[in-house]
$ cat structure_33.txt   # compact mmCIF, C-alpha atoms
# COMPACT_ATOMS: atom_id res chain seq x y z
CA MET A 1 30.87 48.81 -85.39
CA LEU A 2 32.08 49.40 -88.96
CA SER A 3 31.48 46.70 -91.53
CA PRO A 4 34.60 45.22 -93.19
CA VAL A 5 33.81 47.12 -96.38
CA LEU A 6 33.46 50.48 -94.62
CA LEU A 7 36.57 49.80 -92.58
CA MET A 8 38.55 49.08 -95.74
CA VAL A 9 37.28 52.33 -97.32
CA ALA A 10 38.32 54.29 -94.24
CA LEU A 11 41.81 52.77 -94.25
CA LEU A 12 42.25 53.49 -97.96
CA THR A 13 41.16 57.08 -97.37
CA VAL A 14 43.73 57.57 -94.61
CA LEU A 15 46.46 56.00 -96.75
CA THR A 16 45.58 58.21 -99.72
CA VAL A 17 45.60 61.38 -97.61
CA THR A 18 48.95 60.39 -96.09
CA MET A 19 50.51 59.75 -99.48
CA GLU A 20 49.16 63.03 -100.84
CA SER A 21 50.46 64.84 -97.77
CA ASP A 22 53.94 63.37 -98.25
CA HIS A 23 53.90 64.35 -101.93
CA TRP A 24 52.72 67.88 -101.06
CA THR A 25 55.54 68.25 -98.58
CA ALA A 26 58.09 67.31 -101.21
CA ASP A 27 56.57 69.82 -103.62
CA GLN A 28 56.67 72.50 -100.96
CA GLN A 29 60.32 71.79 -100.26
CA GLU A 30 61.16 71.96 -103.96
CA LYS A 31 59.31 75.26 -104.32
CA PHE A 32 60.25 77.03 -101.13
CA CYS A 33 63.55 75.60 -99.94
CA THR A 34 65.66 77.18 -102.67
CA TRP A 35 66.27 80.39 -100.73
CA GLN A 36 69.79 81.04 -99.47
CA CYS A 37 69.53 84.37 -97.64
CA LEU A 38 67.59 85.83 -94.74
CA LYS A 39 67.02 89.30 -93.37
CA PHE A 40 67.08 89.69 -89.60
CA THR A 41 65.22 92.91 -88.90
CA LEU A 42 65.29 94.99 -85.72
CA GLN A 43 63.09 98.01 -85.09
CA TRP A 44 63.27 101.00 -82.78
CA PRO A 45 59.98 101.44 -80.84
CA GLY A 46 60.65 105.17 -80.35
CA SER A 47 59.92 105.90 -84.00
CA PHE A 48 58.00 102.81 -85.17
CA CYS A 49 54.62 104.46 -84.60
CA LEU A 50 55.47 107.31 -86.98
CA GLY A 51 55.10 104.91 -89.90
CA LEU A 52 51.61 103.67 -89.11
CA LYS A 53 48.63 104.93 -91.10
CA ASN A 54 46.59 104.86 -87.90
CA SER A 55 49.20 105.92 -85.38
CA SER A 56 46.64 105.96 -82.54
CA GLN A 57 46.71 102.15 -82.66
CA CYS A 58 50.33 102.11 -81.53
CA ARG A 59 51.35 101.14 -78.02
CA ILE A 60 54.68 100.53 -76.38
CA PRO A 61 54.54 98.27 -73.31
CA PRO A 62 56.02 99.98 -70.22
CA ASN A 63 58.85 97.44 -69.94
CA ILE A 64 60.14 98.10 -73.46
CA GLN A 65 63.25 100.30 -73.49
CA THR A 66 65.38 98.74 -76.25
CA TRP A 67 65.43 97.77 -79.90
CA THR A 68 63.00 94.93 -80.58
CA ILE A 69 62.75 92.16 -83.16
CA HIS A 70 60.61 92.72 -86.23
CA GLY A 71 61.34 89.37 -87.83
CA LEU A 72 63.63 86.85 -89.50
CA TRP A 73 62.66 86.63 -93.15
CA PRO A 74 63.91 84.18 -95.78
CA SER A 75 64.39 86.01 -99.07
CA LYS A 76 61.85 85.49 -101.85
CA ALA A 77 59.79 83.06 -99.77
CA HIS A 78 56.48 83.81 -98.07
CA THR A 79 53.78 81.78 -96.29
CA CYS A 80 55.21 78.40 -97.24
CA CYS A 81 52.93 76.26 -95.10
CA ARG A 82 49.69 77.36 -93.44
CA CYS A 83 49.20 73.76 -92.35
CA TRP A 84 51.86 74.03 -89.62
CA PRO A 85 50.02 75.46 -86.62
CA ILE A 86 51.62 77.27 -83.73
CA PHE A 87 50.17 77.50 -80.23
CA HIS A 88 51.08 79.74 -77.32
CA SER A 89 52.06 76.62 -75.37
CA ASP A 90 54.77 75.96 -78.01
CA LEU A 91 56.55 79.10 -76.84
CA LYS A 92 55.81 78.85 -73.11
CA GLU A 93 59.46 78.58 -72.09
CA LEU A 94 60.38 81.57 -74.29
CA ASP A 95 57.42 83.78 -73.41
CA PRO A 96 59.20 86.08 -70.92
CA GLU A 97 62.12 86.72 -73.27
CA LEU A 98 59.93 87.08 -76.35
CA SER A 99 57.63 89.50 -74.54
CA GLN A 100 60.65 91.65 -73.73
CA LEU A 101 62.49 91.45 -77.04
CA TRP A 102 59.71 90.79 -79.57
CA PRO A 103 56.56 92.56 -78.36
CA SER A 104 53.65 93.67 -80.48
CA LEU A 105 53.53 97.45 -80.76
CA LEU A 106 49.90 97.48 -81.89
CA LYS A 107 46.84 97.75 -79.67
CA THR A 108 44.94 95.52 -82.10
CA GLN A 109 47.42 92.65 -81.99
CA SER A 110 48.62 90.67 -79.00
CA SER A 111 52.26 89.65 -78.91
CA PHE A 112 51.34 86.02 -79.52
CA LEU A 113 49.30 86.92 -82.61
CA PHE A 114 52.33 88.87 -83.85
CA TRP A 115 54.56 85.83 -83.32
CA LYS A 116 51.97 83.56 -84.94
CA ASP A 117 51.79 85.83 -87.98
CA GLU A 118 55.59 85.87 -88.30
CA TRP A 119 55.74 82.09 -88.02
CA ILE A 120 53.12 81.53 -90.72
CA LYS A 121 54.58 84.10 -93.10
CA HIS A 122 58.29 83.50 -92.54
CA GLY A 123 59.05 80.80 -89.98
CA SER A 124 57.34 78.13 -92.07
CA CYS A 125 59.79 78.99 -94.87
CA ALA A 126 62.81 79.13 -92.55
CA ALA A 127 61.82 75.67 -91.30
CA CYS A 128 63.58 74.22 -94.36
CA VAL A 129 66.75 74.63 -92.30
CA GLU A 130 67.23 71.93 -89.67
CA GLY A 131 68.04 74.32 -86.83
CA MET A 132 64.79 76.23 -87.38
CA ASN A 133 62.46 73.34 -88.19
CA SER A 134 59.86 73.99 -85.51
CA PRO A 135 58.23 77.06 -83.96
CA LEU A 136 60.31 76.68 -80.80
CA ARG A 137 63.60 76.37 -82.70
CA TYR A 138 62.78 79.26 -85.03
CA PHE A 139 62.07 81.64 -82.16
CA GLN A 140 65.07 80.40 -80.18
CA ILE A 141 67.28 81.30 -83.14
CA CYS A 142 65.69 84.75 -83.38
CA LEU A 143 66.39 85.42 -79.72
CA LYS A 144 70.01 84.30 -80.10
CA LEU A 145 70.39 86.65 -83.06
CA ARG A 146 68.96 89.51 -80.99
CA GLY A 147 71.67 88.89 -78.40
CA ARG A 148 74.30 88.75 -81.10
CA PHE A 149 73.28 92.04 -82.73
CA ASP A 150 73.23 94.39 -79.75
CA ILE A 151 72.41 97.64 -81.52
CA ASP A 152 71.53 99.42 -78.28
CA ARG A 153 75.04 99.02 -76.88
CA ALA A 154 76.75 99.82 -80.19
CA LEU A 155 74.94 103.15 -80.48
CA GLU A 156 75.39 104.01 -76.81
CA ASP A 157 79.12 103.23 -76.91
CA ALA A 158 79.43 105.64 -79.84
CA GLY A 159 77.69 108.41 -77.90
CA ILE A 160 74.51 108.14 -79.99
CA LYS A 161 71.63 108.52 -77.55
CA PRO A 162 67.89 109.04 -78.09
CA SER A 163 67.03 112.73 -78.32
CA CYS A 164 64.35 114.96 -79.77
CA ASN A 165 66.83 117.73 -80.57
CA GLN A 166 70.19 116.14 -81.24
CA SER A 167 70.83 114.67 -84.69
CA TYR A 168 73.80 112.62 -85.90
CA PRO A 169 75.63 112.40 -89.23
CA TYR A 170 74.74 109.24 -91.12
CA ASP A 171 78.41 108.27 -91.23
CA LYS A 172 78.59 108.30 -87.44
CA VAL A 173 75.58 105.99 -87.15
CA ASN A 174 76.93 103.68 -89.84
CA HIS A 175 80.39 103.61 -88.25
CA ALA A 176 78.89 102.80 -84.84
CA LEU A 177 76.86 99.86 -86.17
CA ALA A 178 79.39 98.42 -88.63
CA PRO A 179 81.34 96.36 -86.04
CA VAL A 180 78.07 94.67 -85.01
CA ILE A 181 76.07 94.33 -88.23
CA GLY A 182 78.88 94.60 -90.77
CA ASP A 183 79.40 97.13 -93.54
CA ASP A 184 77.99 94.94 -96.30
CA PRO A 185 76.16 97.01 -98.96
CA ASP A 186 73.08 94.82 -98.40
CA VAL A 187 72.79 96.00 -94.79
CA GLN A 188 69.98 98.53 -94.59
CA ILE A 189 69.90 101.25 -91.96
CA GLN A 190 66.39 102.57 -92.41
CA CYS A 191 64.77 105.86 -91.55
CA ILE A 192 61.27 107.28 -91.64
CA ASN A 193 60.17 110.87 -92.10
CA ASP A 194 58.26 112.60 -89.32
CA GLU A 195 55.77 115.44 -89.87
CA LYS A 196 58.63 117.92 -90.04
CA GLY A 197 60.42 115.94 -92.73
CA ARG A 198 63.26 114.85 -90.46
CA GLU A 199 65.03 111.55 -91.13
CA VAL A 200 64.38 109.40 -88.06
CA LEU A 201 66.17 106.11 -87.38
CA VAL A 202 63.60 103.30 -87.27
CA GLN A 203 64.88 99.93 -88.47
CA VAL A 204 67.93 97.86 -89.39
CA LYS A 205 67.89 94.91 -91.81
CA ILE A 206 70.82 92.53 -91.51
CA PRO A 207 71.53 90.02 -94.33
CA LEU A 208 72.41 86.49 -93.24
CA SER A 209 73.23 83.25 -95.02
CA GLN A 210 71.32 80.03 -94.34
CA ASN A 211 73.96 79.08 -91.78
CA LEU A 212 73.36 82.49 -90.12
CA THR A 213 76.75 83.93 -90.97
CA LEU A 214 76.79 87.66 -91.65
CA GLY A 215 76.27 88.69 -95.26
CA CYS A 216 74.70 86.88 -98.18
CA HIS A 217 75.33 87.29 -101.91
CA HIS A 218 73.24 84.85 -103.93
CA LYS A 219 71.92 86.15 -107.23
CA GLU A 220 68.79 84.02 -107.00
CA ASP A 221 67.83 85.83 -103.80
CA GLN A 222 68.22 89.31 -105.28
CA GLY A 223 65.52 91.44 -106.83
CA ALA A 224 61.88 91.97 -106.09
CA GLU A 225 59.96 89.58 -103.92
CA PRO A 226 57.57 87.38 -105.96
CA VAL A 227 54.59 88.06 -103.71
CA PRO A 228 51.82 90.64 -103.83
CA PRO A 229 52.91 93.91 -102.20
CA GLN A 230 49.97 93.82 -99.80
CA LEU A 231 51.32 90.59 -98.36
CA TRP A 232 54.88 91.78 -97.91
CA HIS A 233 56.31 94.28 -95.48
CA THR A 234 54.89 97.63 -96.57
CA PHE A 235 56.13 99.60 -93.58
CA PRO A 236 57.33 102.90 -95.11
CA GLY A 237 60.93 102.73 -93.99
CA HIS A 238 63.62 103.70 -96.48
CA PRO A 239 67.42 103.70 -96.48
CA CYS A 240 68.63 106.65 -94.44
CA PRO A 241 70.08 109.27 -96.82
CA GLN A 242 73.81 109.48 -96.37
CA ASP A 243 73.80 113.26 -96.82
CA SER A 244 71.11 114.04 -94.21
CA PRO A 245 71.32 114.19 -90.42
CA VAL A 246 69.69 111.28 -88.63
CA PHE A 247 67.48 111.71 -85.57
CA TYR A 248 67.13 109.00 -82.94
CA PHE A 249 63.92 109.76 -81.08
CA PRO A 250 63.38 108.57 -77.49
CA ILE A 251 60.68 106.06 -76.56
CA ASN A 252 57.57 107.81 -75.30
CA HIS A 253 55.28 105.30 -73.61
CA ASP A 254 52.52 107.82 -72.94
CA HIS A 255 52.44 109.26 -76.46
CA PRO A 256 54.15 106.68 -78.68
CA HIS A 257 52.88 108.21 -81.93
CA GLN A 258 54.19 111.67 -80.94
CA PRO A 259 57.51 110.93 -79.23
CA CYS A 260 58.78 114.50 -79.51
CA ASP A 261 55.60 116.63 -79.48
$ encode --input "structure_33.txt" --output "structure tokens"
Amino acid sequence: MLSPVLLMVALLTVLTVTMESDHWTADQQEKFCTWQCLKFTLQWPGSFCLGLKNSSQCRIPPNIQTWTIHGLWPSKAHTCCRCWPIFHSDLKELDPELSQLWPSLLKTQSSFLFWKDEWIKHGSCAACVEGMNSPLRYFQICLKLRGRFDIDRALEDAGIKPSCNQSYPYDKVNHALAPVIGDDPDVQIQCINDEKGREVLVQVKIPLSQNLTLGCHHKEDQGAEPVPPQLWHTFPGHPCPQDSPVFYFPINHDHPHQPCD
């Protein structure tokens, strides 16, 4: 049994840690809750593997046939709180939907580790907004956004279908997606170059305001991200050139890193 003196020391220690924790939280909010814009990013599994340095590590689960979520990223904010853990049980009710719409495409990373990484890097920053202030709420919002931005249907309705031989003018792709993702200049339709130098559709970045309305134009959120490049998204996608044909490769589950070879 603790002596009165030791008990008092223990209580003071707990109180001090609690007060410091509260102060740290306030500091974190002041530092990281100033962002106003987010980027909701969707990726096309059929060409994702082309951008990996070690393409043999790529895998596409057999059930994946559509565009998948890459992430929801607050602008100019990164890894705001490593102290907020996430467990697989937190996402139990969302697991089937997340596995379908937000799978890992890497052999070295399970889907949960992918989600955990996105939560630590980006979700902890998005948690400044009440509707995303927990792992469950953050991922629920991401899934709702995926339903809202149905790129698969928009492209299919415009007659743009995955093919190894057929290419499409950039304007046709942009026109097909505009009703869904908007024609804001901050929208990025991204391509990647294959071994033959072809421009291949790979990713779409959609700007959103804090309240998740389409488009965001806050000067403080513009410009380079204030984080080391190795910690940010270094996937080699680039804006699709408007004067080049765009290819839309099919998903190849057996040879994901060589979808058209």
$ residues_near_point --input "structure_33.txt" --point "(55.1, 105.5, -90.3)" --cutoff "6 Å" --atoms "all atoms listed in the file" --output "compact mmCIF listing (two decimals) with C-alpha atoms, in the coordinates of the input"
# COMPACT_ATOMS: atom_id res chain seq x y z
CA CYS A 49 54.62 104.46 -84.60
CA LEU A 50 55.47 107.31 -86.98
CA GLY A 51 55.10 104.91 -89.90
CA LEU A 52 51.61 103.67 -89.11
CA PRO A 236 57.33 102.90 -95.11
$ residues_around --input "structure_33.txt" --residues "A:Cys164" --least-positions-apart "6" --cutoff "9 Å" --atoms "only C-alpha atoms" --output "NGL selection string"
:A and (247-250 or 259-261)
$ atom_distance --input "structure_33.txt" --atom1 "atom CA of A:Phe114" --atom2 "atom CA of A:Pro239"
24.6 Å
$ closest_residue --input "structure_33.txt" --among "A:Ser167, A:Ser134, A:Thr41, A:Thr79" --to "A:Ile181" --atoms "all atoms listed in the file"
A:Thr41
$ atom_distance --input "structure_33.txt" --atom1 "atom CA of A:Gln203" --atom2 "atom CA of A:Gly159"
18.6 Å
$ atom_distance --input "structure_33.txt" --atom1 "atom CA of A:Pro103" --atom2 "atom CA of A:Trp67"
10.4 Å
$ closest_residue --input "structure_33.txt" --among "A:Pro179, A:Pro62, A:Gly131, A:Gly215" --to "A:Gln100" --atoms "all atoms listed in the file"
A:Pro62
$ residues_around --input "structure_33.txt" --residues "A:Ser124" --least-positions-apart "3" --cutoff "7 Å" --atoms "only C-alpha atoms" --output "PDB file with C-alpha atoms, in the coordinates of the input"
ATOM      1  CA  THR A  79      53.780  81.780 -96.290  1.00  0.00           C
ATOM      2  CA  CYS A  80      55.210  78.400 -97.240  1.00  0.00           C
ATOM      3  CA  CYS A  81      52.930  76.260 -95.100  1.00  0.00           C
ATOM      4  CA  TRP A 119      55.740  82.090 -88.020  1.00  0.00           C
ATOM      5  CA  ILE A 120      53.120  81.530 -90.720  1.00  0.00           C
ATOM      6  CA  LYS A 121      54.580  84.100 -93.100  1.00  0.00           C
ATOM      7  CA  ALA A 127      61.820  75.670 -91.300  1.00  0.00           C
TER       8      ALA A 127
END
$ residues_around --input "structure_33.txt" --residues "A:Asp184" --least-positions-apart "3" --cutoff "10 Å" --atoms "all atoms listed in the file" --output "PyMOL selection string"
chain A and resi 178+181+187-188+206-207+214-217
$ residues_near_point --input "structure_33.txt" --point "(60.7, 106.8, -76.5)" --cutoff "10 Å" --atoms "all atoms listed in the file" --output "count of residues only"
25
$ residues_around --input "structure_33.txt" --residues "A:Ile189" --least-positions-apart "5" --cutoff "8 Å" --atoms "all atoms listed in the file" --output "number ranges by chain"
A: 174, 201, 203-205, 239-240
$ axis_aligned_box --input "structure_33.txt" --around "stretch 238-256 of chain A" --padding-each-side "4 Å" --output "lines of an AutoDock Vina configuration file"
center_x = 63.1
center_y = 108.9
center_z = -84.9
size_x = 29.4
size_y = 18.5
size_z = 31.9
$ build_atoms --input "structure_33.txt" --residues "stretch 70-96 of chain A" --atoms "N, CA, C and O atoms" --output "PDB file, keeping the file's coordinate frame"
ATOM      1  N   HIS A  70      61.728  92.638 -85.279  1.00  0.00           N
ATOM      2  CA  HIS A  70      60.610  92.720 -86.230  1.00  0.00           C
ATOM      3  C   HIS A  70      60.411  91.361 -86.892  1.00  0.00           C
ATOM      4  O   HIS A  70      59.291  90.925 -87.081  1.00  0.00           O
ATOM      5  N   GLY A  71      61.497  90.693 -87.252  1.00  0.00           N
ATOM      6  CA  GLY A  71      61.340  89.370 -87.830  1.00  0.00           C
ATOM      7  C   GLY A  71      62.620  88.820 -88.432  1.00  0.00           C
ATOM      8  O   GLY A  71      63.622  89.516 -88.569  1.00  0.00           O
ATOM      9  N   LEU A  72      62.568  87.538 -88.780  1.00  0.00           N
ATOM     10  CA  LEU A  72      63.630  86.850 -89.500  1.00  0.00           C
ATOM     11  C   LEU A  72      63.011  86.296 -90.765  1.00  0.00           C
ATOM     12  O   LEU A  72      62.199  85.371 -90.711  1.00  0.00           O
ATOM     13  N   TRP A  73      63.394  86.849 -91.912  1.00  0.00           N
ATOM     14  CA  TRP A  73      62.660  86.630 -93.150  1.00  0.00           C
ATOM     15  C   TRP A  73      63.522  85.994 -94.232  1.00  0.00           C
ATOM     16  O   TRP A  73      64.449  86.636 -94.744  1.00  0.00           O
ATOM     17  N   PRO A  74      63.241  84.756 -94.607  1.00  0.00           N
ATOM     18  CA  PRO A  74      63.910  84.180 -95.780  1.00  0.00           C
ATOM     19  C   PRO A  74      63.586  85.008 -97.022  1.00  0.00           C
ATOM     20  O   PRO A  74      62.450  85.459 -97.202  1.00  0.00           O
ATOM     21  N   SER A  75      64.582  85.191 -97.884  1.00  0.00           N
ATOM     22  CA  SER A  75      64.390  86.010 -99.070  1.00  0.00           C
ATOM     23  C   SER A  75      63.558  85.267-100.115  1.00  0.00           C
ATOM     24  O   SER A  75      63.736  84.067-100.334  1.00  0.00           O
ATOM     25  N   LYS A  76      62.654  86.009-100.749  1.00  0.00           N
ATOM     26  CA  LYS A  76      61.850  85.490-101.850  1.00  0.00           C
ATOM     27  C   LYS A  76      61.088  84.224-101.463  1.00  0.00           C
ATOM     28  O   LYS A  76      60.928  83.291-102.255  1.00  0.00           O
ATOM     29  N   ALA A  77      60.618  84.174-100.228  1.00  0.00           N
ATOM     30  CA  ALA A  77      59.790  83.060 -99.770  1.00  0.00           C
ATOM     31  C   ALA A  77      58.779  83.620 -98.778  1.00  0.00           C
ATOM     32  O   ALA A  77      59.130  84.420 -97.918  1.00  0.00           O
ATOM     33  N   HIS A  78      57.525  83.202 -98.894  1.00  0.00           N
ATOM     34  CA  HIS A  78      56.480  83.810 -98.070  1.00  0.00           C
ATOM     35  C   HIS A  78      55.336  82.832 -97.882  1.00  0.00           C
ATOM     36  O   HIS A  78      54.843  82.238 -98.841  1.00  0.00           O
ATOM     37  N   THR A  79      54.924  82.637 -96.633  1.00  0.00           N
ATOM     38  CA  THR A  79      53.780  81.780 -96.290  1.00  0.00           C
ATOM     39  C   THR A  79      53.912  80.427 -96.969  1.00  0.00           C
ATOM     40  O   THR A  79      53.111  80.062 -97.826  1.00  0.00           O
ATOM     41  N   CYS A  80      54.924  79.680 -96.592  1.00  0.00           N
ATOM     42  CA  CYS A  80      55.210  78.400 -97.240  1.00  0.00           C
ATOM     43  C   CYS A  80      54.282  77.285 -96.799  1.00  0.00           C
ATOM     44  O   CYS A  80      54.064  76.330 -97.540  1.00  0.00           O
ATOM     45  N   CYS A  81      53.755  77.368 -95.591  1.00  0.00           N
ATOM     46  CA  CYS A  81      52.930  76.260 -95.100  1.00  0.00           C
ATOM     47  C   CYS A  81      51.965  76.742 -94.022  1.00  0.00           C
ATOM     48  O   CYS A  81      52.340  76.863 -92.862  1.00  0.00           O
ATOM     49  N   ARG A  82      50.718  76.983 -94.422  1.00  0.00           N
ATOM     50  CA  ARG A  82      49.690  77.360 -93.440  1.00  0.00           C
ATOM     51  C   ARG A  82      49.233  76.163 -92.609  1.00  0.00           C
ATOM     52  O   ARG A  82      48.515  76.321 -91.630  1.00  0.00           O
ATOM     53  N   CYS A  83      49.651  74.973 -93.029  1.00  0.00           N
ATOM     54  CA  CYS A  83      49.200  73.760 -92.350  1.00  0.00           C
ATOM     55  C   CYS A  83      50.006  73.458 -91.092  1.00  0.00           C
ATOM     56  O   CYS A  83      49.746  72.476 -90.412  1.00  0.00           O
ATOM     57  N   TRP A  84      51.009  74.280 -90.781  1.00  0.00           N
ATOM     58  CA  TRP A  84      51.860  74.030 -89.620  1.00  0.00           C
ATOM     59  C   TRP A  84      51.434  74.984 -88.513  1.00  0.00           C
ATOM     60  O   TRP A  84      51.891  76.121 -88.452  1.00  0.00           O
ATOM     61  N   PRO A  85      50.552  74.550 -87.633  1.00  0.00           N
ATOM     62  CA  PRO A  85      50.020  75.460 -86.620  1.00  0.00           C
ATOM     63  C   PRO A  85      51.046  75.787 -85.544  1.00  0.00           C
ATOM     64  O   PRO A  85      52.019  75.061 -85.336  1.00  0.00           O
ATOM     65  N   ILE A  86      50.807  76.880 -84.872  1.00  0.00           N
ATOM     66  CA  ILE A  86      51.620  77.270 -83.730  1.00  0.00           C
ATOM     67  C   ILE A  86      50.672  77.652 -82.595  1.00  0.00           C
ATOM     68  O   ILE A  86      49.640  78.303 -82.828  1.00  0.00           O
ATOM     69  N   PHE A  87      50.993  77.221 -81.399  1.00  0.00           N
ATOM     70  CA  PHE A  87      50.170  77.500 -80.230  1.00  0.00           C
ATOM     71  C   PHE A  87      51.017  78.219 -79.185  1.00  0.00           C
ATOM     72  O   PHE A  87      52.240  78.071 -79.155  1.00  0.00           O
ATOM     73  N   HIS A  88      50.345  78.984 -78.346  1.00  0.00           N
ATOM     74  CA  HIS A  88      51.080  79.740 -77.320  1.00  0.00           C
ATOM     75  C   HIS A  88      51.881  78.789 -76.439  1.00  0.00           C
ATOM     76  O   HIS A  88      52.987  79.125 -75.995  1.00  0.00           O
ATOM     77  N   SER A  89      51.354  77.594 -76.214  1.00  0.00           N
ATOM     78  CA  SER A  89      52.060  76.620 -75.370  1.00  0.00           C
ATOM     79  C   SER A  89      53.390  76.199 -75.999  1.00  0.00           C
ATOM     80  O   SER A  89      54.316  75.795 -75.294  1.00  0.00           O
ATOM     81  N   ASP A  90      53.513  76.300 -77.340  1.00  0.00           N
ATOM     82  CA  ASP A  90      54.770  75.960 -78.010  1.00  0.00           C
ATOM     83  C   ASP A  90      55.907  76.873 -77.561  1.00  0.00           C
ATOM     84  O   ASP A  90      57.082  76.488 -77.614  1.00  0.00           O
ATOM     85  N   LEU A  91      55.546  78.087 -77.159  1.00  0.00           N
ATOM     86  CA  LEU A  91      56.550  79.100 -76.840  1.00  0.00           C
ATOM     87  C   LEU A  91      56.571  79.431 -75.344  1.00  0.00           C
ATOM     88  O   LEU A  91      57.142  80.444 -74.945  1.00  0.00           O
ATOM     89  N   LYS A  92      55.954  78.565 -74.546  1.00  0.00           N
ATOM     90  CA  LYS A  92      55.810  78.850 -73.110  1.00  0.00           C
ATOM     91  C   LYS A  92      57.139  79.164 -72.454  1.00  0.00           C
ATOM     92  O   LYS A  92      57.264  80.145 -71.697  1.00  0.00           O
ATOM     93  N   GLU A  93      58.174  78.379 -72.748  1.00  0.00           N
ATOM     94  CA  GLU A  93      59.460  78.580 -72.090  1.00  0.00           C
ATOM     95  C   GLU A  93      60.157  79.855 -72.563  1.00  0.00           C
ATOM     96  O   GLU A  93      61.040  80.384 -71.879  1.00  0.00           O
ATOM     97  N   LEU A  94      59.764  80.367 -73.744  1.00  0.00           N
ATOM     98  CA  LEU A  94      60.380  81.570 -74.290  1.00  0.00           C
ATOM     99  C   LEU A  94      59.551  82.822 -74.043  1.00  0.00           C
ATOM    100  O   LEU A  94      60.003  83.927 -74.346  1.00  0.00           O
ATOM    101  N   ASP A  95      58.355  82.662 -73.520  1.00  0.00           N
ATOM    102  CA  ASP A  95      57.420  83.780 -73.410  1.00  0.00           C
ATOM    103  C   ASP A  95      58.000  85.009 -72.722  1.00  0.00           C
ATOM    104  O   ASP A  95      57.873  86.129 -73.243  1.00  0.00           O
ATOM    105  N   PRO A  96      58.660  84.874 -71.572  1.00  0.00           N
ATOM    106  CA  PRO A  96      59.200  86.080 -70.920  1.00  0.00           C
ATOM    107  C   PRO A  96      60.201  86.836 -71.790  1.00  0.00           C
ATOM    108  O   PRO A  96      60.161  88.069 -71.878  1.00  0.00           O
TER     109      PRO A  96
END
